[in-house]
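Visitor: Starting off with a structure, shown below.
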Amino acid sequence: MKIAVCVKRVPDSEARIKIGADGKGIDESGIKFILNPYDEYAVEQALKLKEAAGDGEVVVVSLGTAAVQETIRAALAMGVDRGILLETDAQPLDPLGAAQALAAELRDGGFDLILCGKVAIDDYAHATGTMVAELLGIPSVSAITHLQLADGQGTAEREIEGGVEVVEFTLPAVLTAEKGLNEPRYPALKGIMMAKKKPLDVKPVELDPGGIEVLDLVLPPARQEGRIVGEGADAVPALVEALQSEAKVL
Amino acid sequence: MANILVVLEQRDGTLKRVSHEVLTAGRELADSVGGELHAVVLGPESLSTDGLGVYGADKVFATLDARLELYQPSAYLATVAARVNEGDYDAVLLGATALGKDLGPRVAARLLCPFASDVTAIAHDDGIVVSRPVYAGKAVYRLRISGTPCVITVRPNNFAPAESPRAGAVERVALSRDPVANERTVRVKEPDSAALDVSEAPVVVSGGRGLREPENFTLIEDLAAAFGNAAVGASRAVVDAGWRPHSEQVGQTGKTISPSLYVAVGISGAIQHLAGMRTAKVIVAINRDKDAPIFKVADYGIVGDLFEIVPRLTEEIRKIRGN
Ligand SMILES: Cc1cc2nc3c(=O)[nH]c(=O)nc-3n(C[C@H](O)[C@H](O)[C@H](O)COP(=O)(O)OP(=O)(O)OC[C@H]3O[C@@H](n4cnc5c(N)ncnc54)[C@H](O)[C@@H]3O)c2cc1C
Ligand SMILES: Nc1ncnc2c1ncn2[C@@H]1O[C@H](COP(=O)(O)O)[C@@H](O)[C@H]1O
């Protein structure tokens with residue numbers, strides 16, 4: 001089984017976001033970057049499948065700046081065999097740009113399966129994996145919480161509003177991982193040591209500029225200061241009164 | 001003159017509320033570009049396409065077929081892409097639902113056109129200009145999209161459905177391709193109870209680690225039942241502990257929701273939790289720690305022991321709602 005996993009370097013979910021001097025992006029100084037949490041589920045799934053098959057290869061691919069090497073090493077430390085960095089000077093604004101570069105790299109790789117996260121927690125596009133599948137002309141299922149594979153066929157489950165869709169597909173396919181698919185492993189010390197020696201190819205890529213232009217990036221309007229209506233159960237009538245006559249939501 | 005296309009969504013033969021929201025957003029955009037609003041709807045024969053004109057559709061293209069009971073990605077993609085290629089569209093709008101988040105990227109990649117997801121505002125100003133919250137709602141992009149057509153998914157519960165009567169003439173379009181092409185949705189597993197989903201309910205009552213034991217979630221369920229139109233939500237702490245299913249998790253690695261009323265009970269208000277609910281219209285927090293961060297975003301708070309406060313609140317809401 002040969003599996004590719006697309007991973008992205010993103011700011012830590014606790015990071016305080018400051019707007020950069022140009023007003024069109026974030027100020028990256030002091031921000032800790034991590035492997036996108038949903039990509040950890042994708043890496044874990046790939047490693048599990050390889051372990052179950054007894055042989056095969058897991059390759060991570062990431063598009064971004066030279067700093068992304070660190071993110072790729074984090075995936076290698078979990079047990080991935082090798083990494084590919086598609087080096088650009090910035091992350092594209094339109095997920096289609098990233099998807100095109102990823103699809104071009106993956107097209108002739110002979111992968112049985114391509115795994116992605118369902119969403120990157122920086123741009124929240126929820127799109128790249130599904131776009132890669134369409135560009136490659138292969139099946140895809142997004143935001144999966146359950147997966148079964150046998151004989152070149154698969155069944156996946158994805159949560160929809162108030163239910164779970166059961167989807168059948170054939171391999172090769174692209175699947176995007178939702179929380180709940182598995183519990184990602186922590187890299188062991190040995191894995192971290194070994195990661196340093198694993199192959200990491202760096203390939204420069206040119207991105208299609210796409211049709212999207214940033215006008216500005218701003219902080220969201222602050223919520224109006226609320227108030228504590230009181231303490232303990234005695235405050236309940238005052239709360240209900242406020243919800244009825246002030247907020248008008250009852 | 002360019003038009004706007006919206007893709008509507010049905011479940012069990014009934015159009016979802018988000019479809020009216022997307023029609024409303026589409027109507028506004030069509031008016032500002034000076035074009036018509038067209039709608040594509042796919043579903044089973046039983047689906048009624050009446051009344052779409054009320055929400056502003058000039059024209060409705062309906063593909064109704066027994067094989068379209070469930071969402072079939074290949075058939076949806078083929079039908080929408082064919083419509084876009086036949087018409088003259090500036091933008092294709094979908095709801096950012098489980099369906100829209102899957103279909104939108106497929107359409108954009110098929111047509112090789114710009115894509116913007118989960119937008120909270122759309123305007124026309126020398127191109128289409130959208131607002132998109134990013135970094136877990138900690139910042140908002142304003143983007144100008146220059147290519148046409150473009151594909152946009154709009155955040156649910158953000159555009160209030162508004163009536164704007166138009167002809168809404170329905171044209172039937174045959175299913176152009178075998179819906180079992182690439183991937184096939186074979187069934188939908190429904191939950192045992194007919195509980196509302198957190199992403200669609202107008203009121204969400206969420207519980208966190210402050211509940212102490214999974215059994216105590218009956219307090220949250222009772223309060224939700226008292227409202228009558230509420231869903232039960234949960235923090236990640238209690239989902240990870242196995243007390244509640246992931247489908248109820250609100251936050252960065254759960255659902256992003258915008259209900260009219262959000263009640264956070266025994267939830268501290270970690271930044272990742274706020275990411276999922278800070279756009280609720282009204283937020284109520286119940287927490288015994290007056291310094292809990294949840295009070296920073298709450299419109300109304302009660303400081304104290306949830307085990308005393310929640311039963312009392314349930315009682316009061318029951319009186320008002322008669323549940
Ligand atoms: C990458 C990442 C993603 C994450 N995604 C999410 C996410 O999607 N959603 C999410 O919720 N979290 C998420 N988290 C976790 C988040 O950081 C917090 O750990 C979590 O939200 C805490 O849950 P909690 O508020 O229930 O528990 P706690 O933080 O333990 O808070 C419990 C609260 O209950 C109060 N309390 C206790 N007893 C009582 C009582 N008797 N009466 C009243 N109040 C009481 C306490 O004062 C406290 O404020 C994520 C974390 C990471 C790192
Ligand atoms: N620059 C990138 N490099 C590699 N993979 C990416 C990149 N951007 C997005 N992805 C993949 O696509 C998923 C969804 O990202 P997005 O569409 O940006 O929300 C991520 O979880 C990754 O698996």
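Chain labels follow the order of the structure tokens: the first chain is A, the next B, and so on; residue numbering restarts at 1 in every chain, and ligands are counted from 1 in their shown order.
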Would you list the contacts of range 155-165 of chain A as a PyMOL selection string, taking every protein, DNA or RNA residue within 10 Å and counting only C-alpha atoms, but skipping same-chain residues closer than 5 positions in sequence?

Guide: (chain A and resi 140-150+170+175-178+181) or (chain B and resi 11+70-71+97-99+183-200+246-248)

Visitor: Using only C-alpha atoms, determine which residues lie at most 7 Å from range 57-59 of chain A, disregarding the query and same-chain residues fewer than 6 positions distant; provide the list as a ChimeraX atom specification.

Guide: /A:1-5,46-47,50,80-83

Visitor: Please identify the alpha helix (DSSP H) residues within range 50-171 of chain A (assignment by DSSP from backbone atoms) and present them as JSON, numbers by chain.

Guide: {"A": [50, 51, 52, 53, 68, 69, 70, 71, 72, 73, 74, 75, 76, 77, 78, 95, 96, 97, 98, 99, 100, 101, 102, 103, 104, 105, 106, 128, 129, 130, 131, 132, 133, 134, 135, 136]}

Visitor: Could you tell me which of A:Arg227, A:Lys248, A:Lys198, A:Arg185 comes closest to chain B if we count only C-alpha atoms?

Guide: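 Going through A:Arg227, A:Lys248, A:Lys198, A:Arg185 one by one, the smallest distance to chain B is for A:Arg227.
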
Visitor: For chain B, report every residue with an atom at most 6 Å from chain A (counting only C-alpha atoms), formatted as an MDAnalysis selection string.

Guide: chainID B and resid 98 105:106 109 114 117 134:135 139:147 182:190 197 298:304 308:309 313

Visitor: May I have the residues from that selection written out with N, CA, C and O atoms, as a short mmCIF file (atom, residue, chain, number, x, y, z; two decimals), in the first residue's frame?

Guide:
data_model
loop_
_atom_site.label_atom_id
_atom_site.label_comp_id
_atom_site.auth_asym_id
_atom_site.auth_seq_id
_atom_site.Cartn_x
_atom_site.Cartn_y
_atom_site.Cartn_z
N ALA B 98 -22.46 20.28 5.40
CA ALA B 98 -21.70 19.07 5.08
C ALA B 98 -21.72 18.84 3.56
O ALA B 98 -20.71 18.49 2.96
N PRO B 105 -15.96 22.72 -3.41
CA PRO B 105 -14.61 22.53 -3.94
C PRO B 105 -14.58 21.68 -5.22
O PRO B 105 -13.74 21.91 -6.09
N ARG B 106 -15.49 20.72 -5.32
CA ARG B 106 -15.53 19.90 -6.54
C ARG B 106 -15.88 20.79 -7.74
O ARG B 106 -15.27 20.67 -8.80
N ALA B 109 -12.97 23.09 -8.66
CA ALA B 109 -11.85 22.38 -9.29
C ALA B 109 -12.24 21.91 -10.69
O ALA B 109 -11.41 21.91 -11.61
N PRO B 114 -12.07 30.54 -9.17
CA PRO B 114 -11.78 30.92 -7.79
C PRO B 114 -12.83 30.40 -6.81
O PRO B 114 -14.00 30.25 -7.16
N SER B 117 -14.67 29.99 0.79
CA SER B 117 -15.60 29.20 1.59
C SER B 117 -16.03 29.91 2.85
O SER B 117 -15.32 30.75 3.39
N VAL B 134 -11.10 33.72 9.46
CA VAL B 134 -10.00 32.74 9.43
C VAL B 134 -9.35 32.68 10.82
O VAL B 134 -9.75 33.42 11.71
N TYR B 135 -8.35 31.81 10.97
CA TYR B 135 -7.67 31.64 12.27
C TYR B 135 -8.71 31.47 13.38
O TYR B 135 -8.69 32.20 14.39
N ALA B 139 -9.57 36.43 13.10
CA ALA B 139 -9.36 37.50 12.11
C ALA B 139 -10.32 37.26 10.95
O ALA B 139 -10.86 36.17 10.79
N VAL B 140 -10.55 38.32 10.18
CA VAL B 140 -11.49 38.22 9.06
C VAL B 140 -10.83 38.81 7.80
O VAL B 140 -10.35 39.94 7.82
N TYR B 141 -10.81 38.03 6.73
CA TYR B 141 -10.32 38.52 5.45
C TYR B 141 -11.44 39.21 4.69
O TYR B 141 -12.59 38.75 4.70
N ARG B 142 -11.10 40.31 4.03
CA ARG B 142 -11.98 40.80 2.97
C ARG B 142 -11.25 40.55 1.68
O ARG B 142 -10.12 40.99 1.48
N LEU B 143 -11.88 39.80 0.80
CA LEU B 143 -11.22 39.36 -0.43
C LEU B 143 -12.00 39.85 -1.65
O LEU B 143 -13.24 39.82 -1.65
N ARG B 144 -11.26 40.27 -2.67
CA ARG B 144 -11.92 40.58 -3.94
C ARG B 144 -11.64 39.43 -4.91
O ARG B 144 -10.50 39.03 -5.10
N ILE B 145 -12.72 38.93 -5.49
CA ILE B 145 -12.59 37.81 -6.42
C ILE B 145 -12.72 38.36 -7.83
O ILE B 145 -13.74 38.96 -8.16
N SER B 146 -11.68 38.17 -8.63
CA SER B 146 -11.72 38.79 -9.95
C SER B 146 -12.21 37.84 -11.05
O SER B 146 -12.80 38.27 -12.01
N GLY B 147 -11.97 36.56 -10.92
CA GLY B 147 -12.38 35.64 -11.99
C GLY B 147 -13.86 35.36 -11.95
O GLY B 147 -14.48 35.38 -10.89
N ASN B 182 -18.42 7.71 -9.34
CA ASN B 182 -17.15 7.63 -8.63
C ASN B 182 -17.28 7.09 -7.22
O ASN B 182 -16.62 6.17 -6.82
N GLU B 183 -18.14 7.76 -6.48
CA GLU B 183 -18.34 7.36 -5.11
C GLU B 183 -19.85 7.33 -4.94
O GLU B 183 -20.57 8.06 -5.61
N ARG B 184 -20.32 6.47 -4.07
CA ARG B 184 -21.77 6.29 -3.96
C ARG B 184 -22.18 6.35 -2.50
O ARG B 184 -21.65 5.61 -1.67
N THR B 185 -23.10 7.25 -2.20
CA THR B 185 -23.64 7.31 -0.85
C THR B 185 -24.69 6.22 -0.75
O THR B 185 -25.67 6.23 -1.50
N VAL B 186 -24.46 5.24 0.09
CA VAL B 186 -25.37 4.10 0.13
C VAL B 186 -26.50 4.25 1.13
O VAL B 186 -27.59 3.75 0.94
N ARG B 187 -26.22 4.96 2.23
CA ARG B 187 -27.32 5.20 3.17
C ARG B 187 -26.92 6.27 4.15
O ARG B 187 -25.74 6.65 4.24
N VAL B 188 -27.90 6.76 4.89
CA VAL B 188 -27.64 7.70 5.97
C VAL B 188 -28.12 7.06 7.25
O VAL B 188 -29.26 6.61 7.35
N LYS B 189 -27.20 6.95 8.20
CA LYS B 189 -27.57 6.42 9.51
C LYS B 189 -28.11 7.58 10.33
O LYS B 189 -27.41 8.57 10.56
N GLU B 190 -29.36 7.47 10.74
CA GLU B 190 -29.96 8.53 11.55
C GLU B 190 -29.73 8.18 13.01
O GLU B 190 -29.71 7.02 13.38
N ASP B 197 -29.57 18.97 15.36
CA ASP B 197 -28.13 19.06 15.25
C ASP B 197 -27.67 20.43 15.76
O ASP B 197 -28.32 21.44 15.50
N ALA B 298 -19.72 36.45 27.05
CA ALA B 298 -21.14 36.23 27.36
C ALA B 298 -21.89 37.55 27.44
O ALA B 298 -21.37 38.54 27.94
N ASP B 299 -23.12 37.56 26.93
CA ASP B 299 -23.97 38.74 27.10
C ASP B 299 -24.54 38.77 28.50
O ASP B 299 -24.71 39.82 29.10
N TYR B 300 -24.89 37.57 29.02
CA TYR B 300 -25.45 37.46 30.36
C TYR B 300 -24.76 36.31 31.07
O TYR B 300 -24.59 35.24 30.49
N GLY B 301 -24.39 36.53 32.30
CA GLY B 301 -23.75 35.46 33.06
C GLY B 301 -24.37 35.30 34.42
O GLY B 301 -24.89 36.26 35.00
N ILE B 302 -24.33 34.08 34.93
CA ILE B 302 -24.65 33.84 36.34
C ILE B 302 -23.45 33.12 36.94
O ILE B 302 -23.01 32.09 36.41
N VAL B 303 -22.92 33.67 38.03
CA VAL B 303 -21.81 33.05 38.73
C VAL B 303 -22.39 32.16 39.82
O VAL B 303 -23.23 32.61 40.60
N GLY B 304 -21.98 30.91 39.83
CA GLY B 304 -22.47 30.03 40.89
C GLY B 304 -22.47 28.58 40.47
O GLY B 304 -21.97 28.22 39.40
N GLU B 308 -27.24 23.98 41.13
CA GLU B 308 -28.38 24.70 41.71
C GLU B 308 -29.08 25.55 40.65
O GLU B 308 -30.30 25.67 40.64
N ILE B 309 -28.27 26.14 39.77
CA ILE B 309 -28.81 27.13 38.83
C ILE B 309 -29.59 26.48 37.69
O ILE B 309 -30.69 26.93 37.34
N LEU B 313 -33.38 27.17 36.24
CA LEU B 313 -33.55 27.77 34.91
C LEU B 313 -34.49 26.91 34.06
O LEU B 313 -35.37 27.42 33.36
#

Visitor: May I ask you to write as a VMD selection string all residues lying at most 8 Å from ligand 1, with only C-alpha atoms and all ligand atoms counted?

Guide: (chain A and resid 12 to 14 37) or (chain B and resid 207 to 212 234 to 238 249 to 255 265 to 276 286 to 290 292 to 294 303 to 307)

Visitor: Would you kindly return, as a PyMOL selection string, each protein, DNA or RNA residue with an atom no farther than 8 Å from any atom of Leu102 in chain A, considering only C-alpha atoms and excluding same-chain residues fewer than 3 positions away?

Guide: chain A and resi 6+61-63+98-99+105-106+132

Visitor: Calculate how many Å separate CA of Thr314 in chain B from CA of Leu223 in chain B, rounding to one decimal.

Guide: 4.8 Å

Visitor: So, with only C-alpha atoms and all ligand atoms as the atoms that count, which of A:Ala52, A:Met193, A:Leu35, A:Cys116 lies closest to ligand 2?

Guide: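 Nearest to ligand 2: A:Cys116.
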
Visitor: Looking only at strand (DSSP E) from DSSP on the backbone, list the matching residues of range 69-302 of chain B as JSON, numbers by chain.

Guide: {"B": [89, 90, 91, 92, 93, 94, 95, 115, 116, 117, 118, 119, 121, 122, 123, 124, 128, 129, 130, 131, 132, 133, 134, 139, 140, 141, 142, 143, 144, 145, 150, 151, 152, 153, 154, 169, 170, 171, 172, 183, 184, 185, 186, 187, 188, 189, 203, 204, 205, 206, 207, 230, 231, 232, 233, 234, 261, 262, 263, 264, 265, 282, 283, 284, 285, 286, 287, 300, 301, 302]}

Visitor: For Leu86 in chain A, which residue out of A:Gly152, A:Pro209, A:Gly23, A:Gly64 is the nearest one, using only C-alpha atoms?

Guide: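 The shortest atom-to-atom distance to Leu86 in chain A comes from A:Gly64.
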
Visitor: How many Å lie between CA of Pro156 in chain B and CA of Val263 in chain B, rounded to one decimal?

Guide: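 Pair CA of Pro156 in chain B / CA of Val263 in chain B returns 19.1 Å.
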
Visitor: May I ask which of the residues A:Glu241, A:Glu246, A:Asp22, A:Glu87 is the closest one to Leu200 in chain A, counting only C-alpha atoms?

Guide: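 Under the stated criterion, the closest residue is A:Glu87.
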
Visitor: Just to confirm, what's the straight-line distance from atom 2 (C, counted along the ligand's line) of ligand 2 to CA of Thr88 in chain A in Å (one decimal)?

Guide: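 Computing the Euclidean distance for atom 2 (C, counted along the ligand's line) of ligand 2 and CA of Thr88 in chain A yields 10.4 Å.
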
Visitor: Determine the nearest neighbour of ligand 2 from the options A:Ala75, A:Val7, A:Ala104, A:Val174, counting only C-alpha atoms and all ligand atoms.

Guide: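 Among A:Ala75, A:Val7, A:Ala104, A:Val174, it is A:Val7 that comes nearest to ligand 2.
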
Visitor: List the neighbours of range 165-177 of chain B out to 9 Å using only C-alpha atoms; skip same-chain residues closer than 5 positions along the sequence, and give me the result as a list in words.

Guide: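 Non-adjacent residues within range: His38, Ala39, Thr49, Asp50, Gly51, Leu52, Gly53, Val54, Tyr55, Gly56, Ala57, Asp58, Lys59, Val60, Phe61, Ala62, Thr63, Leu64, Asp65, Ser74, Ala75, Ala78, Thr79 and Ala82 of chain B.
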